[in-house]
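Take a look at the structure below.
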2 protein chains.
Amino acid sequence: MGDETKNGQPYHLDSQVGFTMRQANQRHLSIFARHIPALTPTQFATIAKLCELGQASQNALGRATAIDAATIKGVVDRLRRRDLVASSPDPNDQRRVFLTPTDAGRALYASVIPAAHAVTSETLSPLEPEEREVFLRLLRKMI
Amino acid sequence: MGDETKNGQPYHLDSQVGFTMRQANQRHLSIFARHIPALTPTQFATIAKLCELGQASQNALGRATAIDAATIKGVVDRLRRRDLVASSPDPNDQRRVFLTPTDAGRALYASVIPAAHAVTSETLSPLEPEEREVFLRLLRKMI
DNA sequence: CACACTCTGCTTGTATACGAACAATAAACG
DNA sequence: CGTTTATTGTTCGTATACAAGCAGAGTGTG
């Protein structure tokens, strides 16, 4: 009836996972920006992981946050420009640059944690409490 | 224990929805690129919706696909450059440009539908059949 | 008619995101 | 030791993504 193609496979864009995931992500991004305007989600993930780890090389930090090596370079550059992250040469490996959060970076991270919890909470707010656990479990299973 | 901050709120990046959604999306994008190298997910959504609608103005198509007006301009430009989409002036409203899929666009769309189904299928493959329905329902509820 | 308001499309600026290619360095190996 | 291979960080090119601001066109109200 309009959703029937020549080869007989009906198709609706709106029922494709990718299309729905993209929109769910858009909504989340907008919630994030409202609660934490000082950082993008990527920047927050980078600082958060660096604070968790204490220190890391740029590529290692990228792997820990699932950020491409080419991408995390720009992210780290912008965080360094804002003095939230510091870099020092690694004496053991001249290729590496060891990254550490600055005091300002650590302070910003700590100050933003409650908002980060609020972001997750608001993102999941359309779901019932039991549904949230199910959703997170399935989402994690899909990675 | 390292995940305890001064204000007492434990925090783990990996358990945040946004972080997990981003990774699930990354995996989906990589599956998409493998099955449909000719189009990006955004380009596919644009062509698919345009074929569904038959015709649309640029902004309207953007709203239908949840793509920003500034973003869809570039998407449509690239599709036009490849002769997958055609544009004609709207006689009723001189601001609008009516977009229609070309024959090549329609053909590409039709030829790619099976692969699109495969993308959704592979993306959901880590889940049990019942879990997939639950996941899609919750995902849709969250938009 | 004059005016405000809205819609449409465009442009600029910033930030991801990733493939591909590259040089420098390190490690593994014979 | 020298050769090969792998890793690290970088650069380039392409493609989203969205905020903000702009101009032109349509619509409504006084």
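How things are named: the first chain in the structure tokens is A, the next is B, and so on; residues count from 1 in each chain; ligands count from 1 in the order shown.
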> Just asking: which residues within chain B are strand (DSSP E) according to DSSP, as a list in words?
Replying inline: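 DSSP-assigned strand (DSSP E) residues in chain B: Ala56, Ser57, Val85, Ala86, Ser87, Ser88, Pro89, Val97, Phe98, Leu99, Thr100 and Pro101 of chain B.
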> Near chain A, which residues of chain D fall within 12 Å when you count only C-alpha atoms (C1' of nucleotides), and what do they look like as a list in words?
Replying inline: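 Here they are: DT7, DT8, DG9, DT10, DT11, DC12, DT16, DA17, DC18 and DA19 of chain D.
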>> Residues near Ser121 in chain A, anyone? I mean within 12 Å using only C-alpha atoms (C1' of nucleotides), not counting same-chain ones fewer than 3 positions away, as a ChimeraX atom specification.
In response: /A:28,31-32,35,114-118,124-129,132-133 /B:15-18,142
>> Which residues are close to Ala24 in chain A, i.e. within 8 Å by only C-alpha atoms (C1' of nucleotides), leaving aside same-chain residues fewer than 3 positions away? Reply as a list of chain:residue names.
In response: A:Thr20, A:Met21, A:Arg27, A:His28, B:Leu139, B:Arg140, B:Met142, B:Ile143
Dump of C-alpha atoms for the selected residues, as a short mmCIF file (atom, residue, chain, number, x, y, z; two decimals), in the first residue's frame:
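Wrote it out as selection_3.cif, contents follow:
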```
data_model
loop_
_atom_site.label_atom_id
_atom_site.label_comp_id
_atom_site.auth_asym_id
_atom_site.auth_seq_id
_atom_site.Cartn_x
_atom_site.Cartn_y
_atom_site.Cartn_z
CA THR A 20 15.18 5.58 15.99
CA MET A 21 18.53 5.41 17.76
CA ARG A 27 17.08 14.05 22.36
CA HIS A 28 19.78 12.97 24.79
CA LEU B 139 13.67 3.16 22.36
CA ARG B 140 10.64 4.59 20.60
CA MET B 142 12.21 7.53 24.81
CA ILE B 143 12.02 9.92 21.85
#
```
>> If we count only C-alpha atoms (C1' of nucleotides) and set the cut-off at 10 Å, which residues sit around DT5 in chain D, ignoring sequence neighbours fewer than 3 positions away in its own chain? Please answer as a list in words.
In response: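 Result of the neighbour search: DA27, DA28 and DC29 of chain C.
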I need the residues from that last selection saved to file as a PDB file, in the first residue's frame (with all heavy atoms), if you can.
```pdb
ATOM      1  P    DA C  27      59.613  -0.484  23.608  1.00  0.00           P
ATOM      2  OP1  DA C  27      58.812  -0.565  24.833  1.00  0.00           O
ATOM      3  OP2  DA C  27      61.086  -0.350  23.678  1.00  0.00           O
ATOM      4  O5'  DA C  27      59.281  -1.747  22.686  1.00  0.00           O
ATOM      5  C5'  DA C  27      57.965  -1.893  22.181  1.00  0.00           C
ATOM      6  C4'  DA C  27      57.889  -3.114  21.282  1.00  0.00           C
ATOM      7  O4'  DA C  27      58.470  -2.807  19.986  1.00  0.00           O
ATOM      8  C3'  DA C  27      58.628  -4.347  21.810  1.00  0.00           C
ATOM      9  O3'  DA C  27      57.798  -5.477  21.624  1.00  0.00           O
ATOM     10  C2'  DA C  27      59.893  -4.401  20.953  1.00  0.00           C
ATOM     11  C1'  DA C  27      59.406  -3.804  19.638  1.00  0.00           C
ATOM     12  N9   DA C  27      60.430  -3.141  18.842  1.00  0.00           N
ATOM     13  C8   DA C  27      61.373  -2.255  19.274  1.00  0.00           C
ATOM     14  N7   DA C  27      62.154  -1.801  18.327  1.00  0.00           N
ATOM     15  C5   DA C  27      61.689  -2.433  17.183  1.00  0.00           C
ATOM     16  C6   DA C  27      62.094  -2.375  15.836  1.00  0.00           C
ATOM     17  N6   DA C  27      63.087  -1.612  15.400  1.00  0.00           N
ATOM     18  N1   DA C  27      61.414  -3.136  14.954  1.00  0.00           N
ATOM     19  C2   DA C  27      60.404  -3.902  15.394  1.00  0.00           C
ATOM     20  N3   DA C  27      59.928  -4.034  16.638  1.00  0.00           N
ATOM     21  C4   DA C  27      60.620  -3.263  17.489  1.00  0.00           C
ATOM     22  P    DA C  28      58.280  -6.917  22.203  1.00  0.00           P
ATOM     23  OP1  DA C  28      57.191  -7.394  23.054  1.00  0.00           O
ATOM     24  OP2  DA C  28      59.668  -6.815  22.728  1.00  0.00           O
ATOM     25  O5'  DA C  28      58.346  -7.803  20.876  1.00  0.00           O
ATOM     26  C5'  DA C  28      57.576  -7.417  19.740  1.00  0.00           C
ATOM     27  C4'  DA C  28      57.990  -8.256  18.534  1.00  0.00           C
ATOM     28  O4'  DA C  28      58.956  -7.516  17.748  1.00  0.00           O
ATOM     29  C3'  DA C  28      58.653  -9.586  18.882  1.00  0.00           C
ATOM     30  O3'  DA C  28      58.162 -10.581  18.005  1.00  0.00           O
ATOM     31  C2'  DA C  28      60.138  -9.321  18.697  1.00  0.00           C
ATOM     32  C1'  DA C  28      60.140  -8.280  17.579  1.00  0.00           C
ATOM     33  N9   DA C  28      61.253  -7.335  17.638  1.00  0.00           N
ATOM     34  C8   DA C  28      61.801  -6.768  18.743  1.00  0.00           C
ATOM     35  N7   DA C  28      62.788  -5.932  18.487  1.00  0.00           N
ATOM     36  C5   DA C  28      62.892  -5.961  17.110  1.00  0.00           C
ATOM     37  C6   DA C  28      63.739  -5.304  16.207  1.00  0.00           C
ATOM     38  N6   DA C  28      64.690  -4.438  16.580  1.00  0.00           N
ATOM     39  N1   DA C  28      63.581  -5.558  14.888  1.00  0.00           N
ATOM     40  C2   DA C  28      62.631  -6.420  14.520  1.00  0.00           C
ATOM     41  N3   DA C  28      61.755  -7.104  15.271  1.00  0.00           N
ATOM     42  C4   DA C  28      61.948  -6.828  16.567  1.00  0.00           C
ATOM     43  P    DC C  29      58.557 -12.128  18.276  1.00  0.00           P
ATOM     44  OP1  DC C  29      57.340 -12.914  17.997  1.00  0.00           O
ATOM     45  OP2  DC C  29      59.244 -12.249  19.586  1.00  0.00           O
ATOM     46  O5'  DC C  29      59.625 -12.441  17.140  1.00  0.00           O
ATOM     47  C5'  DC C  29      59.359 -12.050  15.788  1.00  0.00           C
ATOM     48  C4'  DC C  29      60.647 -12.055  14.982  1.00  0.00           C
ATOM     49  O4'  DC C  29      61.393 -10.862  15.265  1.00  0.00           O
ATOM     50  C3'  DC C  29      61.575 -13.210  15.325  1.00  0.00           C
ATOM     51  O3'  DC C  29      61.435 -14.233  14.349  1.00  0.00           O
ATOM     52  C2'  DC C  29      62.980 -12.591  15.318  1.00  0.00           C
ATOM     53  C1'  DC C  29      62.744 -11.126  14.959  1.00  0.00           C
ATOM     54  N1   DC C  29      63.579 -10.167  15.730  1.00  0.00           N
ATOM     55  C2   DC C  29      64.430  -9.305  15.044  1.00  0.00           C
ATOM     56  O2   DC C  29      64.458  -9.337  13.813  1.00  0.00           O
ATOM     57  N3   DC C  29      65.207  -8.434  15.755  1.00  0.00           N
ATOM     58  C4   DC C  29      65.143  -8.426  17.081  1.00  0.00           C
ATOM     59  N4   DC C  29      65.912  -7.553  17.752  1.00  0.00           N
ATOM     60  C5   DC C  29      64.282  -9.307  17.800  1.00  0.00           C
ATOM     61  C6   DC C  29      63.526 -10.162  17.093  1.00  0.00           C
TER      62       DC C  29
END
```
> Got a sec to tell me which of range 32-109 of chain B DSSP assigns to helix (DSSP H, G or I), as a ChimeraX atom specification?
Replying inline: /B:32-35,41-53,58-65,69-81,103-109
>> I want to know what sits within 9 Å of range 77-85 of chain B, based on only C-alpha atoms (C1' of nucleotides), with residues of the same chain fewer than 5 positions away left out; could you give that as a list in words?
In response: Gln43, Ile47, Leu50, Ile72, Leu99, Thr100, Pro101, Thr102, Asp103, Ala104, Gly105, Arg106 and Leu108 of chain B
For the selection just defined, write its residues with N, CA, C and O atoms to a file, as a PDB file, in the first residue's frame.
```pdb
ATOM      1  N   GLN B  43      22.112  10.136   4.372  1.00  0.00           N
ATOM      2  CA  GLN B  43      21.717  10.201   2.971  1.00  0.00           C
ATOM      3  C   GLN B  43      20.639   9.175   2.669  1.00  0.00           C
ATOM      4  O   GLN B  43      19.680   9.463   1.948  1.00  0.00           O
ATOM      5  N   ILE B  47      16.867  10.007   1.197  1.00  0.00           N
ATOM      6  CA  ILE B  47      16.317   9.427  -0.029  1.00  0.00           C
ATOM      7  C   ILE B  47      15.096   8.576   0.280  1.00  0.00           C
ATOM      8  O   ILE B  47      14.079   8.644  -0.416  1.00  0.00           O
ATOM      9  N   LEU B  50      12.165  10.761   1.001  1.00  0.00           N
ATOM     10  CA  LEU B  50      11.736  11.457  -0.209  1.00  0.00           C
ATOM     11  C   LEU B  50      10.998  10.502  -1.146  1.00  0.00           C
ATOM     12  O   LEU B  50      10.019  10.887  -1.800  1.00  0.00           O
ATOM     13  N   ILE B  72      20.631  19.447   6.415  1.00  0.00           N
ATOM     14  CA  ILE B  72      20.036  18.803   5.248  1.00  0.00           C
ATOM     15  C   ILE B  72      20.420  19.521   3.958  1.00  0.00           C
ATOM     16  O   ILE B  72      20.391  18.917   2.881  1.00  0.00           O
ATOM     17  N   LEU B  99      11.690  19.108  -3.906  1.00  0.00           N
ATOM     18  CA  LEU B  99      12.643  18.041  -4.190  1.00  0.00           C
ATOM     19  C   LEU B  99      11.899  16.784  -4.604  1.00  0.00           C
ATOM     20  O   LEU B  99      10.859  16.456  -4.039  1.00  0.00           O
ATOM     21  N   THR B 100      12.456  16.103  -5.585  1.00  0.00           N
ATOM     22  CA  THR B 100      11.926  14.802  -5.997  1.00  0.00           C
ATOM     23  C   THR B 100      13.100  13.860  -6.217  1.00  0.00           C
ATOM     24  O   THR B 100      14.179  14.303  -6.600  1.00  0.00           O
ATOM     25  N   PRO B 101      12.888  12.564  -5.971  1.00  0.00           N
ATOM     26  CA  PRO B 101      13.947  11.606  -6.273  1.00  0.00           C
ATOM     27  C   PRO B 101      14.039  11.428  -7.780  1.00  0.00           C
ATOM     28  O   PRO B 101      13.019  11.460  -8.472  1.00  0.00           O
ATOM     29  N   THR B 102      15.237  11.283  -8.292  1.00  0.00           N
ATOM     30  CA  THR B 102      15.397  10.972  -9.715  1.00  0.00           C
ATOM     31  C   THR B 102      15.164   9.478  -9.910  1.00  0.00           C
ATOM     32  O   THR B 102      15.024   8.734  -8.935  1.00  0.00           O
ATOM     33  N   ASP B 103      15.127   9.049 -11.174  1.00  0.00           N
ATOM     34  CA  ASP B 103      14.983   7.618 -11.432  1.00  0.00           C
ATOM     35  C   ASP B 103      16.160   6.861 -10.822  1.00  0.00           C
ATOM     36  O   ASP B 103      15.985   5.796 -10.230  1.00  0.00           O
ATOM     37  N   ALA B 104      17.344   7.451 -10.964  1.00  0.00           N
ATOM     38  CA  ALA B 104      18.534   6.817 -10.387  1.00  0.00           C
ATOM     39  C   ALA B 104      18.406   6.735  -8.873  1.00  0.00           C
ATOM     40  O   ALA B 104      18.780   5.726  -8.254  1.00  0.00           O
ATOM     41  N   GLY B 105      17.874   7.791  -8.270  1.00  0.00           N
ATOM     42  CA  GLY B 105      17.680   7.800  -6.824  1.00  0.00           C
ATOM     43  C   GLY B 105      16.697   6.730  -6.386  1.00  0.00           C
ATOM     44  O   GLY B 105      16.937   5.999  -5.423  1.00  0.00           O
ATOM     45  N   ARG B 106      15.588   6.647  -7.110  1.00  0.00           N
ATOM     46  CA  ARG B 106      14.579   5.646  -6.790  1.00  0.00           C
ATOM     47  C   ARG B 106      15.133   4.234  -6.961  1.00  0.00           C
ATOM     48  O   ARG B 106      14.880   3.347  -6.136  1.00  0.00           O
ATOM     49  N   LEU B 108      18.320   3.315  -6.836  1.00  0.00           N
ATOM     50  CA  LEU B 108      19.300   3.022  -5.793  1.00  0.00           C
ATOM     51  C   LEU B 108      18.586   2.680  -4.491  1.00  0.00           C
ATOM     52  O   LEU B 108      18.938   1.716  -3.807  1.00  0.00           O
TER      53      LEU B 108
END
```
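Compared by their closest atoms to DT27 in chain D, and using only C-alpha atoms (C1' of nucleotides), the residues C:DA15, C:DA20, C:DC10, C:DC3 rank with C:DC3 nearest.
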> Would you list which chain C residues are within 12 Å of chain A using only C-alpha atoms (C1' of nucleotides), as number ranges by chain?
Replying inline: C: 14-20, 23-27
Pull N, CA, C and O atoms (P, O5', C5', C4', C3', O3' and C1' of nucleotides) from the residues just selected and write them as a compact mmCIF listing (two decimals), in the first residue's frame.
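Saved the output as part28.txt:
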```txt
# COMPACT_ATOMS: atom_id res chain seq x y z
P DT C 14 34.69 29.78 15.50
O5' DT C 14 34.18 28.41 16.15
C5' DT C 14 33.20 28.45 17.18
C4' DT C 14 32.66 27.07 17.43
C3' DT C 14 33.73 26.02 17.77
O3' DT C 14 33.43 25.45 19.03
C1' DT C 14 32.19 25.22 16.16
P DA C 15 34.53 24.50 19.74
O5' DA C 15 33.97 23.04 19.44
C5' DA C 15 32.68 22.67 19.88
C4' DA C 15 32.32 21.31 19.34
C3' DA C 15 33.44 20.25 19.43
O3' DA C 15 32.93 19.07 20.01
C1' DA C 15 32.50 20.29 17.28
P DT C 16 33.87 18.10 20.87
O5' DT C 16 34.29 16.84 20.05
C5' DT C 16 33.94 16.62 18.74
C4' DT C 16 32.60 15.89 18.65
C3' DT C 16 32.72 14.41 18.46
O3' DT C 16 31.45 13.77 18.69
C1' DT C 16 32.24 15.45 16.39
P DA C 17 31.43 12.14 18.82
O5' DA C 17 32.00 11.69 17.41
C5' DA C 17 31.27 10.86 16.58
C4' DA C 17 32.02 10.59 15.29
C3' DA C 17 33.25 9.69 15.40
O3' DA C 17 32.82 8.38 15.06
C1' DA C 17 33.43 11.37 13.69
P DC C 18 33.78 7.15 15.32
O5' DC C 18 34.48 6.95 13.90
C5' DC C 18 33.67 6.69 12.78
C4' DC C 18 34.47 6.91 11.53
C3' DC C 18 35.81 6.14 11.51
O3' DC C 18 35.91 5.45 10.29
C1' DC C 18 36.13 8.37 10.87
P DG C 19 36.66 4.03 10.28
O5' DG C 19 37.24 4.03 8.79
C5' DG C 19 36.40 4.40 7.71
C4' DG C 19 37.22 5.01 6.59
C3' DG C 19 38.52 4.29 6.30
O3' DG C 19 38.68 4.16 4.89
C1' DG C 19 38.96 6.57 6.77
P DA C 20 39.80 3.15 4.32
O5' DA C 20 41.02 4.12 3.96
C5' DA C 20 40.76 5.32 3.25
C4' DA C 20 42.00 6.17 3.19
C3' DA C 20 43.31 5.38 3.12
O3' DA C 20 44.09 5.88 2.06
C1' DA C 20 43.42 7.01 4.83
P DA C 23 56.35 10.03 5.04
O5' DA C 23 56.76 10.43 6.52
C5' DA C 23 56.60 11.79 6.96
C4' DA C 23 56.98 11.91 8.43
C3' DA C 23 58.35 11.34 8.79
O3' DA C 23 58.95 12.17 9.77
C1' DA C 23 56.68 10.16 9.98
P DA C 24 60.49 11.90 10.23
O5' DA C 24 60.31 11.31 11.70
C5' DA C 24 59.63 12.08 12.67
C4' DA C 24 59.39 11.23 13.90
C3' DA C 24 60.63 10.51 14.43
O3' DA C 24 60.79 10.80 15.81
C1' DA C 24 58.81 8.99 14.18
P DT C 25 62.11 10.27 16.58
O5' DT C 25 61.55 8.94 17.28
C5' DT C 25 60.42 9.05 18.15
C4' DT C 25 59.89 7.68 18.44
C3' DT C 25 60.88 6.73 19.10
O3' DT C 25 60.46 6.50 20.43
C1' DT C 25 59.53 5.66 17.46
P DA C 26 61.39 5.71 21.47
O5' DA C 26 60.80 4.23 21.38
C5' DA C 26 59.42 4.03 21.69
C4' DA C 26 59.00 2.63 21.33
C3' DA C 26 59.86 1.52 21.94
O3' DA C 26 59.03 0.72 22.74
C1' DA C 26 59.46 1.15 19.62
P DA C 27 59.61 -0.48 23.61
O5' DA C 27 59.28 -1.75 22.69
C5' DA C 27 57.96 -1.89 22.18
C4' DA C 27 57.89 -3.11 21.28
C3' DA C 27 58.63 -4.35 21.81
O3' DA C 27 57.80 -5.48 21.62
C1' DA C 27 59.41 -3.80 19.64
```
> Closest to chain A among B:Ala110, B:Ile36, B:Asp90, B:Glu130, using only C-alpha atoms?
Replying inline: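 Selected residue with least distance to chain A: B:Ala110.
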> What is the C1' of DC22 in chain C-C1' of DC1 in chain D distance in Å, reported with one decimal?
Replying inline: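 Pair C1' of DC22 in chain C / C1' of DC1 in chain D returns 27.3 Å.
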> From the set B:Val76, B:Ala86, B:Ala38, B:Cys51, which residue has the shortest atom-to-atom contact distance to chain A, counting only C-alpha atoms?
Replying inline: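 Nearest to chain A: B:Cys51.
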>> Need to verify the contact set: Ala45 in chain B, 8 Å, only C-alpha atoms (C1' of nucleotides), exclusion of same-chain residues closer than 3 positions in sequence. Can you return it as a PyMOL selection string?
In response: (chain A and resi 13+19) or (chain B and resi 41-42+48-49+65)
> How far is it from CA of Ile113 in chain B to CA of Tyr11 in chain A, in Å with one decimal?
Replying inline: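 For CA of Ile113 in chain B relative to CA of Tyr11 in chain A, the distance reads 7.5 Å.
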> With distances taken over only C-alpha atoms, which of B:Ala56, B:Pro89, B:Leu39, B:Ala64 is nearest to chain A?
Replying inline: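 Smallest distance to chain A is found for B:Ala64.
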> Can you tell me how far CA of Ala66 in chain B sits from CA of Val119 in chain B, in Å to one decimal?
Replying inline: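 CA of Ala66 in chain B sits 19.9 Å away from CA of Val119 in chain B.
Closest to Arg34 in chain A among A:Ala107, A:Gln55, A:Glu122, A:Asp14 is A:Glu122, based on only C-alpha atoms.
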